[in-house]
Amino acid sequence: MRTRTPFPIAIRTALLSAALLAACRTLDRGAPSTSDAADRIRRDIAYLADDRLEGRGTGTAGNDSAASWLARRHAALGLRRVVIDTETAGCSADSPSERCRTFTQTFVARGPELAHSGKPEGVRTQNVVAMIPGRDPSLAGEVVVIGAHFDHLGRSTTGALDPEARDAIRNGADDNASGTAAILELARRFAAQPARRSIVVAHFTGEELGLLGSQWFVEHSPVPLDGVAAMVNFDMVGRLRNDRLIVYGVGTARELPALLDSANVEPKLRLNPVADGFGPSDQSSFYAKGIPVLHLFTDLHPDYHRATDDVEKIDAVGEARVVALAERVVRAIADRPSRLTAVRIAATPRMSPSREGSNVYLGTIPDMAAGDVPGLKLTGVRAGSPADKGGLAAGDVIVQFGGREVKDLYTYSDALYAHKPGEEVEVVYLRGGARRTTRVTLGTRGQ
Ligand SMILES: [Zn+2]
């Protein structure tokens with residue numbers, strides 16, 4: 001619910017004219033494409049994040065309907081079908097017939113999350129994939145994958161941070177209708193003006209259930225995986241604030257830091273580069289195969305994984321700026337004479353197995369960008385949560401939890417999931433440089 005004093009109509013008209021004038025002036029400065037792009041992005045997000053698609057939960061009618069819509073969009077954009085449909089009569093995996101090609105990569109998704117929610121046999125679902133052939137015959141056999149997951153939580157409370165909203169539809173406008181709209185806009189631009197290398201557009205399902213769609217993709221890739229020069233992932237790019245864009249994976253190829261820097265032209269975004277190629281989204285599936293990756297991210301917010309992540313809160317103009325930067329980055333990777341030099345960073349064990357099925361709850365909102373700060377920096381705490389009651393607040397850096405040292409999100413998760421709901425735990429944190437200690441009583445997720 002929003003409280004807002006309505007302006008009298010005359011003032012509103014005056015404000016509207018002023019806004020229109022300002023918009024025209026922006027157009028005169030030679031940036032008409034940003035506002036056109038923002039309109040398209042907002043329309044696509046509004047479609048995907050409409051209640052009619054019921055939050056696009058993997059294996060639901062809303063998810064299937066979103067996939068059909070994406071396939072129709074690919075057809076309308078004139079993109080090429082690359083997936084071989086082995087279910088069509090007479091088609092096999094090595095069949096060259098055009099009749100056998102489709103946009104949808106159908107599979108049965110299985111994983112611990114699904115098993116946990118009573119579906120050990122998995123659910124039938126689909127990625128939606130297309131290609132824009134490169135214009136340079138000597139490089140067109142190599143591809144840059146632009147990817148985004150289109151699934152969200154649907155009505156499920158698994159993974160939801162607002163269990164009190166029960167089976168309310170979680171529309172996932174930012175997570176990840178925003179990324180889906182971003183790669184549709186990029187597909188449109190690369191179709192109109194192809195790069196030297198080919199571009200593969202990949203909409204993944206099952207991300208929220210454990211990166212299931214992107215894992216299926218890399219294990220059953222419709223294009224040879226050793227031809228993938230890079231993967232650029234878009235997950236939550238619709239909430240640009242203070243011009244700040246987090247970019248994961250900058251350390252996964254030698255050329256990426258400089259390449260990213262030169263792509264960031266005026267009016268610049270404030271880039272927050274993080275070296276790591278592993279993270280909680282689909283780029284991890286590709287980096288595990290040794291492919292250089294980037295993940296663009298406008299950071300967490302209080303609506304993350306809640307029923308309030310709706311299209312009204314999307315900054316489409318900000319997202320259009322992210323897309324403009326991404327287009328320059330993807331073109332730079334796809335047009336350079338030689339491939340990127342991959343840098344492999346040893347995979348570190350991420351989540352302890354004890355996390356599986358744990359329902360312990362503290363209510364912290366971690367700052368995903370603070371990768372180089374030792375400890376877990378918070379962008380906020382949920383109102384009324386155990387963290388809130390314990391006095392933790394935005395800006396605090398947790399350095400010790402229940403006697404265990406906290407170095408990052410992963411050591412924090414391990415420390416948290418070593419406890420049970422109802423336990424009282426000592427938390428050491430830094431606030432404004434001072435070391436403080438508090439005690440929190442852990443809650444239960446879902447209550
Ligand atoms: Zn998510």
# chains A, B, ... in the order shown; residues from 1 in each chain; ligands from 1

$ residues_around --residues "Thr364 of chain A" --least-positions-apart "6" --cutoff "12 Å" --atoms "only C-alpha atoms" --output "PyMOL selection string"
chain A and resi 161+300-302+376-398+409+412-413+416+440+442-443

$ write_last_selection --atoms "N, CA and C atoms" --output "short mmCIF file (atom, residue, chain, number, x, y, z; two decimals), in the first residue's frame"
data_model
loop_
_atom_site.label_atom_id
_atom_site.label_comp_id
_atom_site.auth_asym_id
_atom_site.auth_seq_id
_atom_site.Cartn_x
_atom_site.Cartn_y
_atom_site.Cartn_z
N LEU A 161 11.31 -15.64 0.59
CA LEU A 161 11.72 -15.00 1.84
C LEU A 161 10.52 -14.39 2.56
N LEU A 300 20.79 -6.95 -4.73
CA LEU A 300 19.60 -7.38 -4.00
C LEU A 300 18.80 -6.16 -3.53
N HIS A 301 17.55 -6.42 -3.10
CA HIS A 301 16.68 -5.37 -2.58
C HIS A 301 15.66 -6.04 -1.67
N PRO A 302 14.92 -5.26 -0.93
CA PRO A 302 13.99 -5.86 0.04
C PRO A 302 12.85 -6.66 -0.60
N LEU A 376 30.68 -10.79 6.44
CA LEU A 376 29.45 -10.70 5.65
C LEU A 376 28.82 -9.33 5.87
N LYS A 377 28.90 -8.50 4.82
CA LYS A 377 28.31 -7.16 4.92
C LYS A 377 26.82 -7.25 4.63
N LEU A 378 26.02 -6.48 5.38
CA LEU A 378 24.57 -6.53 5.22
C LEU A 378 24.06 -5.28 4.51
N THR A 379 23.15 -5.47 3.54
CA THR A 379 22.47 -4.30 2.97
C THR A 379 21.21 -4.00 3.77
N GLY A 380 20.84 -4.93 4.63
CA GLY A 380 19.67 -4.70 5.47
C GLY A 380 19.30 -5.94 6.26
N VAL A 381 18.28 -5.79 7.10
CA VAL A 381 17.73 -6.94 7.81
C VAL A 381 16.22 -6.87 7.66
N ARG A 382 15.57 -8.02 7.70
CA ARG A 382 14.11 -8.03 7.58
C ARG A 382 13.49 -7.54 8.88
N ALA A 383 12.50 -6.64 8.75
CA ALA A 383 11.83 -6.07 9.92
C ALA A 383 11.23 -7.19 10.77
N GLY A 384 11.50 -7.14 12.06
CA GLY A 384 10.92 -8.12 12.98
C GLY A 384 11.63 -9.46 13.01
N SER A 385 12.68 -9.62 12.19
CA SER A 385 13.41 -10.88 12.13
C SER A 385 14.33 -11.02 13.35
N PRO A 386 14.86 -12.22 13.58
CA PRO A 386 15.83 -12.39 14.68
C PRO A 386 17.02 -11.42 14.55
N ALA A 387 17.49 -11.16 13.32
CA ALA A 387 18.60 -10.23 13.12
C ALA A 387 18.21 -8.83 13.57
N ASP A 388 16.99 -8.42 13.21
CA ASP A 388 16.46 -7.11 13.59
C ASP A 388 16.36 -7.00 15.11
N LYS A 389 15.79 -8.02 15.73
CA LYS A 389 15.62 -8.01 17.20
C LYS A 389 16.97 -7.99 17.91
N GLY A 390 17.99 -8.59 17.26
CA GLY A 390 19.32 -8.62 17.86
C GLY A 390 20.08 -7.32 17.64
N GLY A 391 19.48 -6.35 16.93
CA GLY A 391 20.10 -5.04 16.76
C GLY A 391 20.98 -4.93 15.53
N LEU A 392 21.03 -5.94 14.67
CA LEU A 392 21.83 -5.85 13.45
C LEU A 392 21.13 -4.92 12.45
N ALA A 393 21.94 -4.22 11.63
CA ALA A 393 21.37 -3.23 10.72
C ALA A 393 22.19 -3.15 9.44
N ALA A 394 21.65 -2.44 8.46
CA ALA A 394 22.35 -2.23 7.19
C ALA A 394 23.73 -1.64 7.43
N GLY A 395 24.72 -2.14 6.72
CA GLY A 395 26.09 -1.63 6.85
C GLY A 395 26.94 -2.44 7.81
N ASP A 396 26.29 -3.20 8.69
CA ASP A 396 27.06 -4.04 9.63
C ASP A 396 27.79 -5.14 8.87
N VAL A 397 28.96 -5.52 9.40
CA VAL A 397 29.72 -6.62 8.79
C VAL A 397 29.87 -7.73 9.83
N ILE A 398 29.20 -8.87 9.60
CA ILE A 398 29.29 -10.00 10.53
C ILE A 398 30.65 -10.68 10.34
N LEU A 409 29.92 -15.06 2.36
CA LEU A 409 28.56 -15.60 2.42
C LEU A 409 28.57 -17.10 2.71
N TYR A 412 29.57 -17.93 6.25
CA TYR A 412 28.42 -17.51 7.06
C TYR A 412 27.31 -18.56 7.00
N SER A 413 27.00 -19.03 5.76
CA SER A 413 25.94 -20.05 5.60
C SER A 413 26.28 -21.30 6.39
N LEU A 416 25.71 -20.56 10.01
CA LEU A 416 24.28 -20.44 10.33
C LEU A 416 23.61 -21.82 10.35
N VAL A 440 21.53 -13.39 19.26
CA VAL A 440 20.28 -13.52 18.50
C VAL A 440 19.66 -14.88 18.80
N LEU A 442 17.66 -17.65 17.03
CA LEU A 442 17.37 -18.05 15.65
C LEU A 442 15.91 -18.45 15.47
N GLY A 443 15.34 -18.05 14.35
CA GLY A 443 13.95 -18.37 14.05
C GLY A 443 13.83 -19.52 13.09
#

$ residues_near_ligand --ligand "ligand 1" --cutoff "9 Å" --atoms "only C-alpha atoms and all ligand atoms" --output "PyMOL selection string"
chain A and resi 149+151-153+159-160+172+174-176+207-208+235-236+280-281+304-305

$ closest_atom_pairs --of "segment 289-368 of chain A" --to "segment 51-74 of chain A" --cutoff "12 Å" --atoms "only C-alpha atoms" --output "CSV"
residue,atom,partner,partner_atom,distance
A:His305,CA,A:Gly55,CA,10.8
A:Arg306,CA,A:Gly55,CA,10.8
A:Ala307,CA,A:Gly55,CA,9.2
A:Thr308,CA,A:Gly55,CA,11.6
A:Asp309,CA,A:Gly55,CA,10.3
A:Asp310,CA,A:Asp51,CA,9.7
A:Val311,CA,A:Asp51,CA,10.8

$ write_last_selection --atoms "C-alpha atoms" --output "PDB file, in the first residue's frame"
ATOM      1  CA  HIS A 305      12.220 -13.513  -3.516  1.00  0.00           C
ATOM      2  CA  ARG A 306       9.045 -11.916  -2.207  1.00  0.00           C
ATOM      3  CA  ALA A 307       5.572 -11.379  -3.668  1.00  0.00           C
ATOM      4  CA  THR A 308       6.408  -7.657  -3.908  1.00  0.00           C
ATOM      5  CA  ASP A 309       8.972  -8.096  -6.735  1.00  0.00           C
ATOM      6  CA  ASP A 310       6.614  -6.519  -9.298  1.00  0.00           C
ATOM      7  CA  VAL A 311       6.948  -4.558 -12.540  1.00  0.00           C
TER       8      VAL A 311
END

$ atom_distance --atom1 "atom CA of Arg110 of chain A" --atom2 "atom CA of Val218 of chain A"
15.4 Å

$ closest_residue --among "A:Gln193, A:Thr441, A:Ser178, A:Gln283" --to "Arg43 of chain A" --atoms "only C-alpha atoms"
A:Ser178

$ closest_residue --among "A:Arg155, A:Lys313, A:Thr180, A:Ala342" --to "Ala168 of chain A" --atoms "only C-alpha atoms"
A:Arg155

$ select_by_dssp --residues "segment 216-368 of chain A" --states "alpha helix (DSSP H)" --output "ChimeraX atom specification"
/A:216-219,256-263,283-287,316-335

$ write_last_selection --atoms "N, CA and C atoms" --output "compact mmCIF listing (two decimals), in the first residue's frame"
# COMPACT_ATOMS: atom_id res chain seq x y z
N TRP A 216 21.58 -28.46 -17.58
CA TRP A 216 21.15 -29.31 -18.69
C TRP A 216 21.74 -28.80 -19.99
N PHE A 217 21.73 -27.48 -20.14
CA PHE A 217 22.26 -26.87 -21.37
C PHE A 217 23.72 -27.26 -21.58
N VAL A 218 24.56 -27.10 -20.56
CA VAL A 218 25.99 -27.38 -20.77
C VAL A 218 26.26 -28.87 -20.95
N GLU A 219 25.38 -29.72 -20.42
CA GLU A 219 25.57 -31.16 -20.60
C GLU A 219 24.99 -31.65 -21.93
N LEU A 256 39.20 -9.47 -19.71
CA LEU A 256 37.90 -8.91 -19.32
C LEU A 256 37.97 -7.58 -18.56
N PRO A 257 38.91 -7.39 -17.61
CA PRO A 257 38.89 -6.10 -16.90
C PRO A 257 39.04 -4.90 -17.84
N ALA A 258 39.99 -4.99 -18.77
CA ALA A 258 40.21 -3.87 -19.70
C ALA A 258 39.04 -3.73 -20.67
N LEU A 259 38.55 -4.87 -21.12
CA LEU A 259 37.43 -4.86 -22.08
C LEU A 259 36.18 -4.20 -21.47
N LEU A 260 35.92 -4.55 -20.22
CA LEU A 260 34.76 -4.00 -19.52
C LEU A 260 34.93 -2.50 -19.32
N ASP A 261 36.15 -2.12 -18.98
CA ASP A 261 36.44 -0.72 -18.74
C ASP A 261 36.22 0.12 -20.00
N SER A 262 36.69 -0.37 -21.15
CA SER A 262 36.52 0.44 -22.36
C SER A 262 35.07 0.42 -22.86
N ALA A 263 34.29 -0.59 -22.45
CA ALA A 263 32.88 -0.61 -22.86
C ALA A 263 32.04 0.37 -22.04
N GLN A 283 25.68 -18.57 -14.63
CA GLN A 283 27.05 -18.49 -15.16
C GLN A 283 27.93 -19.59 -14.56
N SER A 284 27.59 -20.02 -13.32
CA SER A 284 28.38 -21.06 -12.64
C SER A 284 28.45 -22.34 -13.47
N SER A 285 27.32 -22.71 -14.13
CA SER A 285 27.29 -23.94 -14.93
C SER A 285 28.31 -23.86 -16.07
N PHE A 286 28.50 -22.67 -16.63
CA PHE A 286 29.43 -22.49 -17.75
C PHE A 286 30.86 -22.37 -17.24
N TYR A 287 31.05 -21.67 -16.13
CA TYR A 287 32.41 -21.52 -15.62
C TYR A 287 32.96 -22.86 -15.16
N ALA A 316 13.17 0.70 -15.88
CA ALA A 316 13.43 0.24 -17.25
C ALA A 316 14.48 1.11 -17.94
N VAL A 317 14.52 2.40 -17.61
CA VAL A 317 15.53 3.28 -18.21
C VAL A 317 16.92 2.87 -17.73
N GLY A 318 17.02 2.56 -16.45
CA GLY A 318 18.30 2.07 -15.90
C GLY A 318 18.70 0.76 -16.55
N GLU A 319 17.71 -0.13 -16.74
CA GLU A 319 18.03 -1.41 -17.38
C GLU A 319 18.48 -1.20 -18.82
N ALA A 320 17.89 -0.24 -19.51
CA ALA A 320 18.31 0.04 -20.89
C ALA A 320 19.78 0.49 -20.92
N ARG A 321 20.21 1.17 -19.87
CA ARG A 321 21.63 1.56 -19.79
C ARG A 321 22.52 0.34 -19.58
N VAL A 322 22.04 -0.60 -18.75
CA VAL A 322 22.79 -1.85 -18.54
C VAL A 322 22.90 -2.61 -19.86
N VAL A 323 21.78 -2.64 -20.61
CA VAL A 323 21.77 -3.35 -21.89
C VAL A 323 22.73 -2.68 -22.89
N ALA A 324 22.78 -1.37 -22.88
CA ALA A 324 23.69 -0.65 -23.80
C ALA A 324 25.14 -1.02 -23.49
N LEU A 325 25.47 -1.07 -22.20
CA LEU A 325 26.83 -1.48 -21.81
C LEU A 325 27.06 -2.94 -22.23
N ALA A 326 26.08 -3.79 -21.96
CA ALA A 326 26.21 -5.21 -22.28
C ALA A 326 26.41 -5.42 -23.78
N GLU A 327 25.71 -4.64 -24.58
CA GLU A 327 25.87 -4.79 -26.04
C GLU A 327 27.31 -4.50 -26.44
N ARG A 328 27.90 -3.45 -25.86
CA ARG A 328 29.29 -3.13 -26.20
C ARG A 328 30.24 -4.23 -25.73
N VAL A 329 29.96 -4.79 -24.54
CA VAL A 329 30.80 -5.86 -24.00
C VAL A 329 30.71 -7.11 -24.90
N VAL A 330 29.47 -7.51 -25.24
CA VAL A 330 29.29 -8.72 -26.04
C VAL A 330 29.89 -8.53 -27.44
N ARG A 331 29.71 -7.34 -28.02
CA ARG A 331 30.31 -7.09 -29.34
C ARG A 331 31.84 -7.14 -29.26
N ALA A 332 32.40 -6.59 -28.19
CA ALA A 332 33.86 -6.60 -28.06
C ALA A 332 34.38 -8.04 -27.99
N ILE A 333 33.66 -8.91 -27.25
CA ILE A 333 34.09 -10.31 -27.13
C ILE A 333 33.87 -11.03 -28.47
N ALA A 334 32.72 -10.75 -29.11
CA ALA A 334 32.35 -11.48 -30.32
C ALA A 334 33.10 -11.00 -31.56
N ASP A 335 33.65 -9.80 -31.54
CA ASP A 335 34.31 -9.24 -32.73
C ASP A 335 35.83 -9.30 -32.67

$ closest_residue --among "A:Glu185, A:Glu312, A:Glu423, A:Asp85" --to "Ala49 of chain A" --atoms "only C-alpha atoms"
A:Glu312

$ residues_around --residues "Pro374 of chain A" --least-positions-apart "6" --cutoff "8 Å" --atoms "only C-alpha atoms" --output "PyMOL selection string"
chain A and resi 399+406-408

$ residues_around --residues "Leu245 of chain A" --least-positions-apart "6" --cutoff "6 Å" --atoms "only C-alpha atoms" --output "list in words"
Leu271, Asn272 and Thr298 of chain A

$ write_last_selection --atoms "N, CA and C atoms" --output "PDB file, in the first residue's frame"
ATOM      1  N   LEU A 271      30.803   0.788 -12.017  1.00  0.00           N
ATOM      2  CA  LEU A 271      30.964  -0.667 -12.040  1.00  0.00           C
ATOM      3  C   LEU A 271      31.600  -1.165 -10.756  1.00  0.00           C
ATOM      4  N   ASN A 272      31.078  -2.295 -10.295  1.00  0.00           N
ATOM      5  CA  ASN A 272      31.611  -2.947  -9.111  1.00  0.00           C
ATOM      6  C   ASN A 272      32.064  -4.346  -9.534  1.00  0.00           C
ATOM      7  N   THR A 298      22.141  -5.845 -10.698  1.00  0.00           N
ATOM      8  CA  THR A 298      21.950  -4.534 -10.056  1.00  0.00           C
ATOM      9  C   THR A 298      21.682  -4.659  -8.552  1.00  0.00           C
TER      10      THR A 298
END

$ closest_residue --among "A:Pro163, A:Gly179, A:Gly90, A:Gly118" --to "Phe204 of chain A" --atoms "only C-alpha atoms"
A:Gly179

$ closest_residue --among "A:Val343, A:Ile169, A:Ala187, A:Ile291" --to "Thr252 of chain A" --atoms "only C-alpha atoms"
A:Val343

$ select_by_dssp --residues "segment 83-305 of chain A" --states "strand (DSSP E or B)" --output "number ranges by chain"
A: 83-84, 101-102, 104-109, 123-132, 143-149, 152, 154, 170, 198-204, 228-234, 241, 244-248, 253, 270-274, 293-297

$ closest_residue --among "A:Ser117, A:Ser156, A:Ser198, A:Thr88" --to "Pro137 of chain A" --atoms "only C-alpha atoms"
A:Ser198

$ atom_distance --atom1 "atom CA of Ser33 of chain A" --atom2 "atom CA of Ala182 of chain A"
14.1 Å
